Structures are given as C-alpha cells and as structure tokens.
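Here's the structure we're looking at; comments come further down.
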Amino acid sequence: MTTDPDTSMRPMDIALAEAEAAGARGEVPVGAVIVDGAGRIVAQAGNRTLELKDPTAHAELLAIREACAALGSERLAGCDLYVTLEPCPMCAAAISFARLRRLYYGAADEKGGGVDHGPRIFAQATCHHRPDVYGGIAESRAAGLLRRFFAVRRG
C-alpha cells in the first residue's frame, strides 16, 4: 500500500457522500466512485445489500456494473476506483477482472479486507491484473462513518 498525496479529494468526497447515504438507508456506510482517464465520474454507488436483498450489492460492484454499462465494455482499463473502505476479497477480484487502473481506498479493513489484509487478492500468483493501490485516502472520515454506524447498531 502506498499513499498518493497529490490525489484529488473530489472523487473521494463523492464516495463519502454515497457512504453517508448508504448509512442513512441502514446499509453499512460504504461508497464508491469510478473516474475515467479524463477525470470524469462515470459511476457512483453506495452499498445496497439490504435494499436489493443481494449479498453482492457492495458499492464497488454496483459502481463497476454502472461504469461498464455507461462505457459499453466489460473492461474499465484507464479508469480509477475510489472507495471508502478497503475492498473485500469478492470486490478485489471484480476490480481485477474489470482491469481498473488504480484503486484508492479510505479505511483499512483488517477483518474483511482483501487487498492489504486477509487474502491479499492482488498479491496472488493467480491474479491476472493488479491495479495500483493507494490506501488511507480520507481515512479518518471514512473510518469515522463506520465507527458511528456500528456504535449505534451495537447500542
């Protein structure tokens, strides 16, 4: 994991807004944004697993699906993903399959992460594509959203 200090905060701000909206719906507050090579936002989403009754409806997967539809391709080469939480193994695999160029994430996920924690999908010999990974982007804001959400849930 490396930190890119020159990264624009605009996409992560939008991802954080998506996370806040997800939390307001009762979903785990995770948001994602996909930006094309020209810096245009092509997709954005928040978690919708409860709403859609779909365990795969993570913010990253919803954003990948939306971006693929918008760009008319199953590959997102040249696009970057901003997400508020380190992707889980399922989402990390989808990021690889979509051939995203860069992954920027906020809070690390020591229990459920699949990038810098857990199975470290991109480090596996069987991984066909490894995006550049930048963790810790707006980390305190992203982690704070999650902490507040789970504190209320645990009462």
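By order of appearance in the structure tokens: chains A, B, ..., then residues from 1 within every chain, and ligands from 1 in the order shown.
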Problem set entry | All helix (DSSP H, G or I) positions in chain A, as a VMD selection string | chain A and resid 10 to 24 49 to 52 59 to 71 89 to 98 121 to 123 139 to 154
Exercise. What lies within 12 Å of Val152 (chain A) using only C-alpha atoms, ignoring chain neighbours under 5 positions off, as number ranges by chain?
Worked result: A: 23-24, 26, 28, 145-147
For this session: Check the smallest atom-to-atom distance from each of A:Ala138, A:Ala69, A:Ile95, A:Leu81 to Ala107 (chain A) using only C-alpha atoms, then report the winner.
Result: A:Ala138
For this session: Find the residues around region 33-47 of chain A up to 8 Å (only C-alpha atoms counted), leave out those fewer than 5 positions away in its own chain, and share them as a PyMOL selection string.
Result: chain A and resi 11-12+14-15+18-19+21-22+27-28+57-60+62-64+66-67+70-71+78-83
For this session: Work out how far CA of Phe122 (chain A) is from CA of Ala92 (chain A), in Å to one decimal.
Result: 7.5 Å
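Secondary structure from DSSP on the backbone puts strand (DSSP E or B) at the following positions of region 22-128 of chain A: Gly31, Ala32, Val33, Ile34, Val35, Ile41, Val42, Ala43, Gln44, Ala45, Gly46, Asp80, Leu81, Tyr82, Val83, Thr84, Leu85, Arg102, Leu103, Tyr104, Tyr105, Gly106 and Ala107 of chain A.
Ranking A:Arg154, A:Thr56, A:Ser73, A:Ala93 by their shortest atom-to-atom distance to Thr126 (chain A), with only C-alpha atoms included, puts A:Ala93 first.
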Seminar exercise, completed: Using only C-alpha atoms, the best pick from A:Ile121, A:Asp132, A:Gly114, A:Asp13 as closest to Arg102 (chain A) would be A:Asp132
For this session: Identify which of the residues A:Pro29, A:Gly135, A:Pro89, A:Pro55 lies closest to Gly112 (chain A), counting only C-alpha atoms when measuring atom-to-atom distances.
Result: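 The closest residue to Gly112 (chain A) is A:Pro89.
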Seminar exercise, completed: If you count only C-alpha atoms, the residue of A:Ala94, A:Glu139, A:Cys88, A:Arg48 closest to Cys68 (chain A) turns out to be A:Ala94
Problem set entry | Distance of CA of Ala151 (chain A) from CA of Pro87 (chain A), expressed in Å to one decimal place |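 The value is 21.4 Å.
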Exercise. Distance CA of Phe150 (chain A)-CA of Val30 (chain A), one decimal place?
Worked result: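 CA of Phe150 (chain A) sits 12.5 Å away from CA of Val30 (chain A).
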Exercise. For Glu86 (chain A), which residue out of A:Val133, A:Leu100, A:Ala17, A:Cys127 is the nearest one, using only C-alpha atoms?
Worked result: A:Val133
